[in-house]
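J.: work-v8.txt is the file, holding compact mmCIF, C-alpha atoms and all ligand atoms:
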# COMPACT_ATOMS: atom_id res chain seq x y z
CA MET A 143 -34.58 -51.15 -36.14
CA ASN A 144 -33.61 -54.72 -35.49
CA SER A 145 -35.92 -56.21 -38.03
CA SER A 146 -34.31 -58.16 -40.80
CA ALA A 147 -35.63 -55.51 -43.21
CA ASP A 148 -32.91 -53.12 -42.01
CA THR A 149 -30.06 -55.44 -42.69
CA PRO A 150 -28.19 -54.25 -45.76
CA GLY A 151 -28.58 -56.53 -48.60
CA ALA A 152 -31.53 -58.39 -46.97
CA SER A 153 -33.82 -56.96 -49.59
CA GLY A 154 -33.82 -54.13 -52.14
CA PRO A 155 -31.68 -50.94 -52.51
CA LEU A 156 -33.94 -48.96 -50.16
CA GLU A 157 -32.91 -51.09 -47.17
CA ALA A 158 -29.27 -50.74 -48.12
CA THR A 159 -29.53 -46.92 -48.27
CA LEU A 160 -31.37 -46.88 -44.93
CA ALA A 161 -28.61 -48.90 -43.27
CA SER A 162 -25.74 -46.82 -44.70
CA GLU A 163 -27.43 -43.54 -43.78
CA ARG A 164 -27.89 -44.78 -40.22
CA GLU A 165 -24.21 -45.67 -40.07
CA ARG A 166 -23.26 -42.28 -41.47
CA ALA A 167 -25.36 -40.53 -38.78
CA VAL A 168 -23.41 -42.27 -36.01
CA THR A 169 -20.11 -40.55 -36.82
CA VAL A 170 -20.76 -37.64 -39.12
CA PHE A 171 -21.73 -35.14 -36.38
CA GLN A 172 -18.76 -35.87 -34.17
CA GLY A 173 -15.94 -33.33 -33.95
CA ILE A 174 -17.73 -30.57 -35.85
CA GLN A 175 -16.63 -27.24 -34.23
CA ASP A 176 -18.97 -24.98 -36.11
CA GLU A 177 -22.71 -24.72 -35.68
CA ALA A 178 -23.41 -23.75 -39.29
CA GLU A 179 -21.50 -26.81 -40.45
CA LEU A 180 -23.48 -28.95 -38.04
CA ARG A 181 -26.77 -27.64 -39.46
CA ARG A 182 -25.53 -28.14 -43.00
CA VAL A 183 -24.79 -31.83 -42.26
CA ARG A 184 -28.19 -32.21 -40.63
CA ALA A 185 -29.79 -30.88 -43.80
CA THR A 186 -28.12 -33.67 -45.81
CA PHE A 187 -30.46 -36.03 -43.89
CA LEU A 188 -33.50 -33.96 -43.02
CA GLY A 189 -33.50 -31.11 -45.55
CA GLY A 190 -35.82 -30.75 -48.57
CA LYS A 191 -33.24 -32.57 -50.69
CA GLY A 192 -31.99 -34.74 -47.83
CA SER A 193 -31.60 -38.50 -47.84
CA ILE A 194 -34.61 -39.15 -45.62
CA LYS A 195 -36.98 -37.26 -47.93
CA ASP A 196 -35.50 -39.30 -50.70
CA LEU A 197 -36.14 -42.54 -48.83
CA MET A 198 -39.75 -41.50 -48.14
CA LYS A 199 -40.27 -40.92 -51.85
CA GLN A 200 -39.15 -44.44 -52.61
CA ILE A 201 -41.68 -46.13 -50.27
CA PRO A 202 -44.33 -46.60 -53.03
CA SER A 203 -41.84 -48.72 -54.96
CA VAL A 204 -41.62 -51.25 -52.11
CA GLU A 205 -43.99 -54.27 -52.02
CA LYS A 206 -47.27 -53.28 -50.43
CA GLU A 207 -47.00 -55.52 -47.34
CA ARG A 208 -43.57 -54.04 -46.40
CA ARG A 209 -44.39 -50.37 -46.88
CA LYS A 210 -45.64 -49.85 -43.29
CA GLU A 211 -42.52 -51.36 -41.84
CA MET A 212 -40.31 -49.28 -44.15
CA GLY A 213 -42.14 -46.11 -43.03
CA ARG A 214 -41.45 -46.98 -39.36
CA SER A 215 -37.76 -47.64 -40.11
CA ILE A 216 -37.36 -44.33 -41.93
CA ASN A 217 -39.06 -42.50 -39.03
CA ALA A 218 -36.75 -44.24 -36.58
CA LEU A 219 -33.74 -43.07 -38.66
CA LYS A 220 -35.13 -39.55 -38.68
CA GLN A 221 -35.40 -39.57 -34.87
CA TRP A 222 -31.92 -41.06 -34.59
CA VAL A 223 -30.45 -38.29 -36.75
CA GLU A 224 -32.25 -35.61 -34.71
CA GLN A 225 -30.88 -37.13 -31.54
CA GLN A 226 -27.31 -37.24 -32.88
CA PHE A 227 -27.62 -33.66 -34.05
CA ASP A 228 -29.01 -32.45 -30.69
CA THR A 229 -26.21 -34.17 -28.79
CA ALA A 230 -23.53 -32.66 -31.04
CA LEU A 231 -25.08 -29.20 -30.82
CA ALA A 232 -25.27 -29.36 -27.02
CA ALA A 233 -21.61 -30.44 -26.85
CA LEU A 234 -20.63 -27.54 -29.11
CA HIS A 235 -22.50 -25.01 -26.91
CA HIS A 236 -20.94 -26.47 -23.78
CA ALA A 237 -17.44 -26.20 -25.24
CA ARG A 238 -18.08 -22.61 -26.23
CA LEU A 239 -19.27 -21.77 -22.69
CA GLU A 240 -16.24 -23.44 -21.15
CA GLN A 241 -14.01 -21.38 -23.36
CA ALA A 242 -15.80 -18.18 -22.35
CA LEU A 243 -15.44 -19.00 -18.66
CA GLY A 244 -11.78 -19.88 -18.97
CA ALA A 245 -10.38 -22.84 -17.10
CA SER A 246 -12.87 -24.87 -15.15
CA VAL A 247 -13.32 -23.65 -11.59
CA ASP A 248 -12.60 -25.87 -8.62
CA ILE A 249 -14.77 -24.36 -5.91
CA THR A 250 -12.95 -26.29 -3.19
CA TRP A 251 -9.79 -24.16 -3.61
CA PRO A 252 -9.23 -21.48 -0.98
CA GLY A 253 -10.25 -17.98 -2.09
CA ARG A 254 -7.82 -15.29 -3.18
CA THR A 255 -7.34 -12.67 -0.48
CA PRO A 256 -7.52 -9.16 -1.91
CA ALA A 257 -4.33 -7.16 -1.37
CA THR A 258 -4.96 -4.70 1.44
CA GLY A 259 -2.91 -1.56 1.88
CA ALA A 260 -0.92 -0.67 4.98
CA LEU A 261 0.26 2.51 6.62
CA HIS A 262 3.60 3.91 5.41
CA PRO A 263 6.43 3.17 7.91
CA LEU A 264 6.78 6.91 8.58
CA THR A 265 3.07 7.17 9.35
CA GLN A 266 3.32 4.17 11.66
CA VAL A 267 6.27 5.70 13.55
CA THR A 268 4.56 9.12 13.70
CA GLN A 269 1.43 7.58 15.18
CA GLU A 270 3.45 5.68 17.79
CA LEU A 271 5.39 8.80 18.78
CA VAL A 272 2.17 10.79 19.07
CA ASP A 273 0.70 8.00 21.24
CA VAL A 274 3.67 8.14 23.62
CA PHE A 275 3.57 11.93 23.99
CA SER A 276 -0.23 12.02 24.25
CA THR A 277 0.05 9.67 27.22
CA LEU A 278 2.47 12.16 28.80
CA GLY A 279 -0.10 14.94 28.38
CA PHE A 280 0.91 16.61 25.11
CA ASP A 281 -1.68 17.83 22.58
CA VAL A 282 -1.07 17.42 18.86
CA ALA A 283 -0.76 20.65 16.86
CA GLU A 284 -0.38 21.07 13.11
CA GLY A 285 0.42 23.94 10.81
CA PRO A 286 1.04 24.94 7.17
CA GLN A 287 4.09 23.62 5.29
CA VAL A 288 4.53 26.95 3.52
CA ASP A 289 5.03 29.50 6.24
CA LEU A 290 6.43 32.94 6.98
CA TYR A 291 10.16 33.48 7.22
CA GLU A 292 9.34 35.41 10.37
CA TYR A 293 7.81 32.35 12.06
CA ASN A 294 10.52 30.05 10.77
CA PHE A 295 13.50 32.16 11.88
CA ASP A 296 12.93 35.62 13.42
CA LYS A 297 10.48 34.62 16.15
CA LEU A 298 12.76 31.73 17.08
CA ALA A 299 15.65 34.11 17.70
CA PHE A 300 17.74 32.96 14.74
CA PRO A 301 20.43 35.59 14.18
CA PRO A 302 20.16 37.11 10.67
CA ASP A 303 23.49 35.58 9.64
CA HIS A 304 22.63 32.04 10.79
CA PRO A 305 23.51 29.60 7.96
CA ALA A 306 19.99 28.13 7.94
CA THR A 307 18.58 31.52 6.89
CA ASP A 308 20.74 31.48 3.77
CA MET A 309 18.98 31.28 0.41
CA GLN A 310 21.11 28.23 -0.39
CA ASP A 311 19.84 26.20 2.57
CA SER A 312 16.10 26.74 2.41
CA PHE A 313 13.40 26.63 -0.27
CA PHE A 314 12.00 30.13 -0.61
CA VAL A 315 8.60 30.69 -2.21
CA ARG A 316 8.16 33.55 -4.68
CA THR A 317 5.15 35.55 -3.55
CA ASP A 318 3.89 39.13 -3.14
CA ALA A 319 3.19 38.40 0.53
CA PRO A 320 5.93 38.82 3.17
CA LYS A 321 8.97 36.58 2.82
CA THR A 322 7.76 32.99 2.65
CA LEU A 323 9.41 29.56 2.52
CA LEU A 324 8.82 25.84 2.91
CA ARG A 325 9.25 25.45 6.67
CA THR A 326 12.67 24.09 7.61
CA HIS A 327 11.40 22.72 10.93
CA THR A 328 8.05 22.24 12.64
CA SER A 329 9.03 24.95 15.17
CA THR A 330 6.82 27.27 13.10
CA ILE A 331 3.87 25.37 14.58
CA GLN A 332 5.15 26.15 18.08
CA VAL A 333 5.35 29.85 17.19
CA ARG A 334 1.80 29.79 15.81
CA GLU A 335 0.48 27.97 18.89
CA MET A 336 2.19 30.36 21.31
CA LEU A 337 0.88 33.38 19.39
CA SER A 338 -2.67 32.07 19.61
CA ARG A 339 -2.73 30.50 23.10
CA LYS A 340 -1.90 31.54 26.62
CA PRO A 341 0.29 29.22 28.72
CA PRO A 342 0.28 26.63 30.12
CA LEU A 343 0.60 24.56 26.98
CA ALA A 344 2.12 21.23 26.05
CA ILE A 345 2.13 20.32 22.36
CA VAL A 346 3.82 17.97 19.92
CA SER A 347 3.85 18.93 16.26
CA PRO A 348 4.59 16.23 13.67
CA GLY A 349 4.94 17.10 9.99
CA ALA A 350 6.99 17.37 6.80
CA VAL A 351 9.84 19.89 6.64
CA TYR A 352 12.16 20.95 3.79
CA ARG A 353 15.87 21.64 3.48
CA ARG A 354 18.24 21.72 0.55
CA ASP A 355 19.97 18.45 1.38
CA ASP A 356 20.03 15.26 -0.64
CA ASP A 357 22.15 12.18 0.14
CA VAL A 358 21.75 8.75 1.78
CA THR A 359 20.97 10.24 5.18
CA HIS A 360 19.38 13.53 4.08
CA SER A 361 16.28 14.05 2.00
CA PRO A 362 15.05 17.47 0.77
CA MET A 363 11.76 16.60 2.45
CA PHE A 364 11.73 14.79 5.76
CA MET A 365 9.54 14.36 8.80
CA GLN A 366 9.99 16.00 12.16
CA LEU A 367 8.23 15.90 15.46
CA GLU A 368 8.81 18.69 17.90
CA GLY A 369 7.57 19.12 21.45
CA LEU A 370 7.03 22.21 23.58
CA TRP A 371 5.98 22.56 27.19
CA VAL A 372 5.47 26.00 28.70
CA ASP A 373 4.26 26.66 32.24
CA LYS A 374 5.33 28.33 35.45
CA LYS A 375 8.44 26.73 36.96
CA VAL A 376 9.16 24.25 34.17
CA SER A 377 12.76 23.16 34.68
CA PHE A 378 15.45 21.11 33.00
CA THR A 379 14.54 18.16 35.26
CA HIS A 380 11.05 18.11 33.71
CA LEU A 381 12.69 17.92 30.29
CA ARG A 382 14.93 15.08 31.42
CA GLY A 383 11.94 13.24 32.91
CA VAL A 384 9.94 13.55 29.68
CA LEU A 385 12.91 12.35 27.58
CA ASP A 386 13.46 9.34 29.87
CA ALA A 387 9.78 8.45 29.79
CA PHE A 388 9.72 8.78 25.99
CA ALA A 389 12.87 6.67 25.43
CA GLN A 390 11.66 3.94 27.75
CA SER A 391 8.13 3.69 26.41
CA PHE A 392 9.18 3.94 22.75
CA PHE A 393 12.42 1.93 22.69
CA GLY A 394 12.15 -0.25 25.82
CA PRO A 395 12.37 0.03 29.61
CA GLU A 396 16.18 -0.56 29.75
CA VAL A 397 17.03 2.19 27.29
CA GLY A 398 18.85 5.01 29.04
CA VAL A 399 19.27 8.61 27.87
CA ARG A 400 22.36 10.81 27.75
CA LEU A 401 22.48 14.57 27.19
CA ARG A 402 25.40 16.46 25.66
CA PRO A 403 25.63 20.26 25.65
CA SER A 404 24.85 21.74 22.25
CA TYR A 405 23.74 24.97 20.62
CA PHE A 406 20.41 25.83 18.96
CA PRO A 407 19.40 29.49 18.55
CA PHE A 408 15.98 29.09 20.21
CA VAL A 409 17.04 27.32 23.43
CA GLU A 410 19.38 28.06 26.32
CA PRO A 411 20.85 25.77 27.52
CA GLY A 412 20.62 23.33 24.62
CA ALA A 413 21.52 19.66 24.42
CA GLU A 414 21.81 16.77 22.00
CA VAL A 415 20.09 13.64 23.27
CA ASP A 416 21.44 10.13 22.79
CA ILE A 417 19.72 6.89 23.68
CA ALA A 418 21.62 3.73 24.61
CA CYS A 419 22.20 1.75 21.41
CA ILE A 420 19.17 -0.48 20.84
CA PHE A 421 21.22 -2.86 18.64
CA CYS A 422 24.25 -3.78 20.81
CA LYS A 423 22.34 -3.16 24.07
CA PRO A 424 25.21 -1.79 26.23
CA TRP A 425 23.10 -2.25 29.39
CA GLU A 426 23.79 -5.96 28.99
CA ARG A 427 27.50 -5.12 29.43
CA ASN A 428 28.69 -7.13 26.43
CA ALA A 429 31.68 -4.89 25.70
CA LYS A 430 32.83 -6.93 22.70
CA ARG A 431 29.44 -6.71 21.02
CA THR A 432 29.29 -2.97 21.56
CA ALA A 433 32.84 -2.51 20.27
CA GLN A 434 31.83 -4.28 17.05
CA CYS A 435 28.44 -2.55 16.65
CA ARG A 436 28.25 -0.89 13.24
CA ILE A 437 25.12 1.13 14.05
CA CYS A 438 26.56 3.09 17.01
CA LYS A 439 30.13 2.66 15.74
CA GLY A 440 31.15 1.16 19.08
CA SER A 441 30.07 4.12 21.21
CA GLY A 442 27.00 2.43 22.73
CA TRP A 443 24.93 5.58 22.04
CA LEU A 444 22.65 6.75 19.23
CA GLU A 445 21.89 10.41 18.67
CA ILE A 446 18.14 10.89 18.30
CA LEU A 447 17.10 14.43 19.13
CA GLY A 448 17.96 17.96 20.11
CA CYS A 449 16.40 19.86 23.01
CA GLY A 450 16.75 22.68 25.51
CA MET A 451 15.05 25.29 27.62
CA VAL A 452 13.14 27.81 25.49
CA HIS A 453 15.17 31.00 25.04
CA PRO A 454 13.62 34.01 26.87
CA GLU A 455 13.87 35.97 23.62
CA VAL A 456 11.48 33.51 21.95
CA PHE A 457 8.94 34.10 24.74
CA GLU A 458 9.26 37.85 24.25
CA HIS A 459 8.60 37.44 20.50
CA VAL A 460 5.32 35.64 21.13
CA GLY A 461 4.15 37.81 24.02
CA TYR A 462 4.88 35.45 26.92
CA ASP A 463 6.50 36.94 30.04
CA PRO A 464 9.89 35.17 30.44
CA GLU A 465 9.97 36.23 34.11
CA GLN A 466 6.76 34.32 34.73
CA TYR A 467 7.04 31.39 32.38
CA SER A 468 9.64 28.87 31.43
CA GLY A 469 9.54 25.91 29.09
CA PHE A 470 11.42 23.30 27.18
CA ALA A 471 11.42 22.21 23.58
CA PHE A 472 12.73 19.19 21.71
CA GLY A 473 12.80 18.03 18.13
CA LEU A 474 13.48 14.71 16.48
CA GLY A 475 13.61 13.36 12.95
CA ILE A 476 10.84 10.82 12.42
CA ASP A 477 12.83 9.44 9.45
CA ARG A 478 15.84 8.88 11.70
CA ILE A 479 13.69 7.02 14.26
CA ALA A 480 12.11 4.90 11.49
CA MET A 481 15.55 4.17 9.97
CA LEU A 482 16.85 3.06 13.37
CA ARG A 483 13.82 0.97 14.14
CA TYR A 484 13.74 -0.83 10.76
CA GLN A 485 17.52 -0.64 10.08
CA ILE A 486 17.02 1.26 6.84
CA THR A 487 20.32 2.59 5.55
CA ASP A 488 19.11 4.95 2.80
CA ILE A 489 16.56 7.63 3.71
CA ARG A 490 15.47 7.94 0.08
CA LEU A 491 13.81 4.52 0.24
CA LEU A 492 11.22 6.09 2.53
CA TYR A 493 10.16 8.52 -0.20
CA GLU A 494 10.46 6.45 -3.37
CA ASN A 495 7.28 4.56 -2.45
CA ASP A 496 8.33 1.33 -4.12
CA VAL A 497 5.68 -1.17 -3.05
CA ARG A 498 8.30 -3.96 -2.77
CA PHE A 499 9.99 -1.90 -0.07
CA LEU A 500 6.87 -0.64 1.65
CA GLU A 501 5.13 -4.01 1.96
CA GLN A 502 7.85 -5.19 4.35
CA PHE A 503 6.42 -3.04 7.14
ZN ZN B 601 25.51 -0.27 19.16
What would the structure in this file look like if it were written as structure tokens?

T.:
Amino acid sequence: MNSSADTPGASGPLEATLASERERAVTVFQGIQDEAELRRVRATFLGGKGSIKDLMKQIPSVEKERRKEMGRSINALKQWVEQQFDTALAALHHARLEQALGASVDITWPGRTPATGALHPLTQVTQELVDVFSTLGFDVAEGPQVDLYEYNFDKLAFPPDHPATDMQDSFFVRTDAPKTLLRTHTSTIQVREMLSRKPPLAIVSPGAVYRRDDDVTHSPMFMQLEGLWVDKKVSFTHLRGVLDAFAQSFFGPEVGVRLRPSYFPFVEPGAEVDIACIFCKPWERNAKRTAQCRICKGSGWLEILGCGMVHPEVFEHVGYDPEQYSGFAFGLGIDRIAMLRYQITDIRLLYENDVRFLEQF
């Protein structure tokens, strides 16, 4: 293509056309975003009515000795156009692929970790509680959430006029079967276990229970864990020992336990159980800190469960001989333990299942 014959104006109009077409081919394919347009432009050179065909037709009009050279020049132009077209087409395909793949990928960036789920805080606390009591020799027992009124109240020696038995305080279930309700405590599991097993037995029963309460510290559904130990010669000191062992392994070795007399229909005697406040740590004897503690309100104690020696009447209802056997029972709110542990002030957060809340645990 460097021969003087290609220089415009060096000889006739054929050479001039050849040179201008070559120049046109350099730029005309650039920036075309559409393949059909690209092919249309190519046809203006190489098509049946294209400029190269036209040039070929004019060869016979050139002087005989220059025809061969002209033929080579036109062929070179043809190859040049093909090359420009191929390059533009490849660029167009590449751009389209890039667009389909989105932004270019830098494979040296660290990968994205998939979001993994976690156990709900109540499940975590339940599992820890069960671990502690399993170590102390308790089995885990479960039961239905819809249960008989008889198991929920009568067998547990609730007097018929006890406020908990009132229609306003429990969720009753309409059924043709005997009086049925959503259990108000997991004590129904204890009744079922005692009816189906002979002593000795030691069980803990975690699960959801239902009461008609709804405010920042009460939810209509909440979680309880109750424990029961029945054997010959089980005494209040065994109960105290189990409570101490539980408090120390769950909350920490310094955490002491205090019992206050209380009343529950199914135990005699009954007691409320407090643990030393795990926030102001009264065992460190920082009286000022305890006085200012908002969690225990300055008392140094946190109420966590209720307990007592199983009432002889309960044993009679399930066919155990109260002369031969004795036992203790305790019950705690898993929600209350979780709220203390994580300093949650509204129980409803535990049941709304907002991921922003749950992923903190
Ligand atoms: Zn405190």

J.: Point out the residue among A:Lys423, A:Arg184, A:Arg402, A:Arg490 with the least atom-to-atom distance to Glu224 of chain A, counting only C-alpha atoms.

T.: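 Result for the nearest residue to Glu224 of chain A: A:Arg184.
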
J.: Hey, which residues sit close to ligand ZN 601 (chain B)? Say within 9 Å, counting only C-alpha atoms and all ligand atoms, and write them as a PDB file with C-alpha atoms, in the frame of the given file.

T.:
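So part_25.pdb came out as:
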ATOM      1  CA  ALA A 418      21.620   3.730  24.610  1.00  0.00           C
ATOM      2  CA  CYS A 419      22.200   1.750  21.410  1.00  0.00           C
ATOM      3  CA  ILE A 420      19.170  -0.480  20.840  1.00  0.00           C
ATOM      4  CA  PHE A 421      21.220  -2.860  18.640  1.00  0.00           C
ATOM      5  CA  CYS A 422      24.250  -3.780  20.810  1.00  0.00           C
ATOM      6  CA  LYS A 423      22.340  -3.160  24.070  1.00  0.00           C
ATOM      7  CA  PRO A 424      25.210  -1.790  26.230  1.00  0.00           C
ATOM      8  CA  ARG A 431      29.440  -6.710  21.020  1.00  0.00           C
ATOM      9  CA  THR A 432      29.290  -2.970  21.560  1.00  0.00           C
ATOM     10  CA  ALA A 433      32.840  -2.510  20.270  1.00  0.00           C
ATOM     11  CA  GLN A 434      31.830  -4.280  17.050  1.00  0.00           C
ATOM     12  CA  CYS A 435      28.440  -2.550  16.650  1.00  0.00           C
ATOM     13  CA  ARG A 436      28.250  -0.890  13.240  1.00  0.00           C
ATOM     14  CA  ILE A 437      25.120   1.130  14.050  1.00  0.00           C
ATOM     15  CA  CYS A 438      26.560   3.090  17.010  1.00  0.00           C
ATOM     16  CA  LYS A 439      30.130   2.660  15.740  1.00  0.00           C
ATOM     17  CA  GLY A 440      31.150   1.160  19.080  1.00  0.00           C
ATOM     18  CA  SER A 441      30.070   4.120  21.210  1.00  0.00           C
ATOM     19  CA  GLY A 442      27.000   2.430  22.730  1.00  0.00           C
ATOM     20  CA  TRP A 443      24.930   5.580  22.040  1.00  0.00           C
ATOM     21  CA  LEU A 444      22.650   6.750  19.230  1.00  0.00           C
TER      22      LEU A 444
END

J.: Using all atoms listed in the file, which residue out of A:Val460, A:Asp318, A:Asp477, A:Arg238 lies closest to Ser338 of chain A?

T.: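 Checking each candidate against Ser338 of chain A, we get A:Val460 as the closest.
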
J.: Contacts of segment 290-301 of chain A at 9 Å or less, counting only C-alpha atoms, minus same-chain residues fewer than 3 places along, as a VMD selection string?

T.: chain A and resid 304 306 to 307 314 320 to 331 333 to 334 406 to 409 453 455 to 460

J.: Extract, using all atoms listed in the file, all DNA, RNA and protein residues at most 10 Å from Val168 of chain A, discarding same-chain residues fewer than 6 positions from it, and format them as a ChimeraX atom specification.

T.: /A:222-223,226-227

J.: List every protein, DNA or RNA residue with an atom no more than 8 Å from (14.9, 7.5, 1.5) in the file's coordinates, counting all atoms listed in the file, and format the result as a list in words.

T.: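 Selection result: Val358, Thr359, His360, Ser361, Asp488, Ile489, Arg490, Leu491, Leu492, Tyr493 and Glu494 of chain A.
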
J.: Using all atoms listed in the file, which residue out of A:Leu370, A:Leu447, A:Leu160, A:Ile249 lies closest to Ile479 of chain A?

T.: A:Leu447

J.: Can you complete the atoms of segment 288-303 of chain A to N, CA and C atoms and list them as a CSV table (one decimal), keeping the file's coordinate frame?

T.:
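Writing done, so here's rebuild_9.csv:
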chain,number,residue,atom,x,y,z
A,288,VAL,N,4.0,25.7,4.0
A,288,VAL,CA,4.5,27.0,3.5
A,288,VAL,C,4.2,28.0,4.6
A,289,ASP,N,5.3,28.6,5.1
A,289,ASP,CA,5.0,29.5,6.2
A,289,ASP,C,5.9,30.7,6.1
A,290,LEU,N,5.7,31.7,7.0
A,290,LEU,CA,6.4,32.9,7.0
A,290,LEU,C,7.9,32.7,7.5
A,291,TYR,N,8.8,33.4,6.8
A,291,TYR,CA,10.2,33.5,7.2
A,291,TYR,C,10.2,33.9,8.7
A,292,GLU,N,9.4,34.9,9.0
A,292,GLU,CA,9.3,35.4,10.4
A,292,GLU,C,9.1,34.3,11.4
A,293,TYR,N,8.1,33.4,11.1
A,293,TYR,CA,7.8,32.4,12.1
A,293,TYR,C,8.9,31.3,12.1
A,294,ASN,N,9.5,31.1,10.9
A,294,ASN,CA,10.5,30.0,10.8
A,294,ASN,C,11.9,30.4,11.4
A,295,PHE,N,12.2,31.7,11.4
A,295,PHE,CA,13.5,32.2,11.9
A,295,PHE,C,13.4,33.3,12.9
A,296,ASP,N,12.8,34.4,12.6
A,296,ASP,CA,12.9,35.6,13.4
A,296,ASP,C,12.4,35.4,14.8
A,297,LYS,N,11.1,34.8,14.9
A,297,LYS,CA,10.5,34.6,16.2
A,297,LYS,C,11.2,33.6,17.0
A,298,LEU,N,12.0,32.8,16.3
A,298,LEU,CA,12.8,31.7,17.1
A,298,LEU,C,14.2,32.2,17.4
A,299,ALA,N,14.4,33.5,17.3
A,299,ALA,CA,15.6,34.1,17.7
A,299,ALA,C,16.9,33.6,16.9
A,300,PHE,N,16.6,33.3,15.6
A,300,PHE,CA,17.7,33.0,14.7
A,300,PHE,C,18.4,34.3,14.4
A,301,PRO,N,19.7,34.4,14.6
A,301,PRO,CA,20.4,35.6,14.2
A,301,PRO,C,20.4,35.7,12.7
A,302,PRO,N,20.3,36.9,12.1
A,302,PRO,CA,20.2,37.1,10.7
A,302,PRO,C,21.2,36.4,9.8
A,303,ASP,N,22.4,36.2,10.4
A,303,ASP,CA,23.5,35.6,9.6
A,303,ASP,C,23.6,34.1,9.9
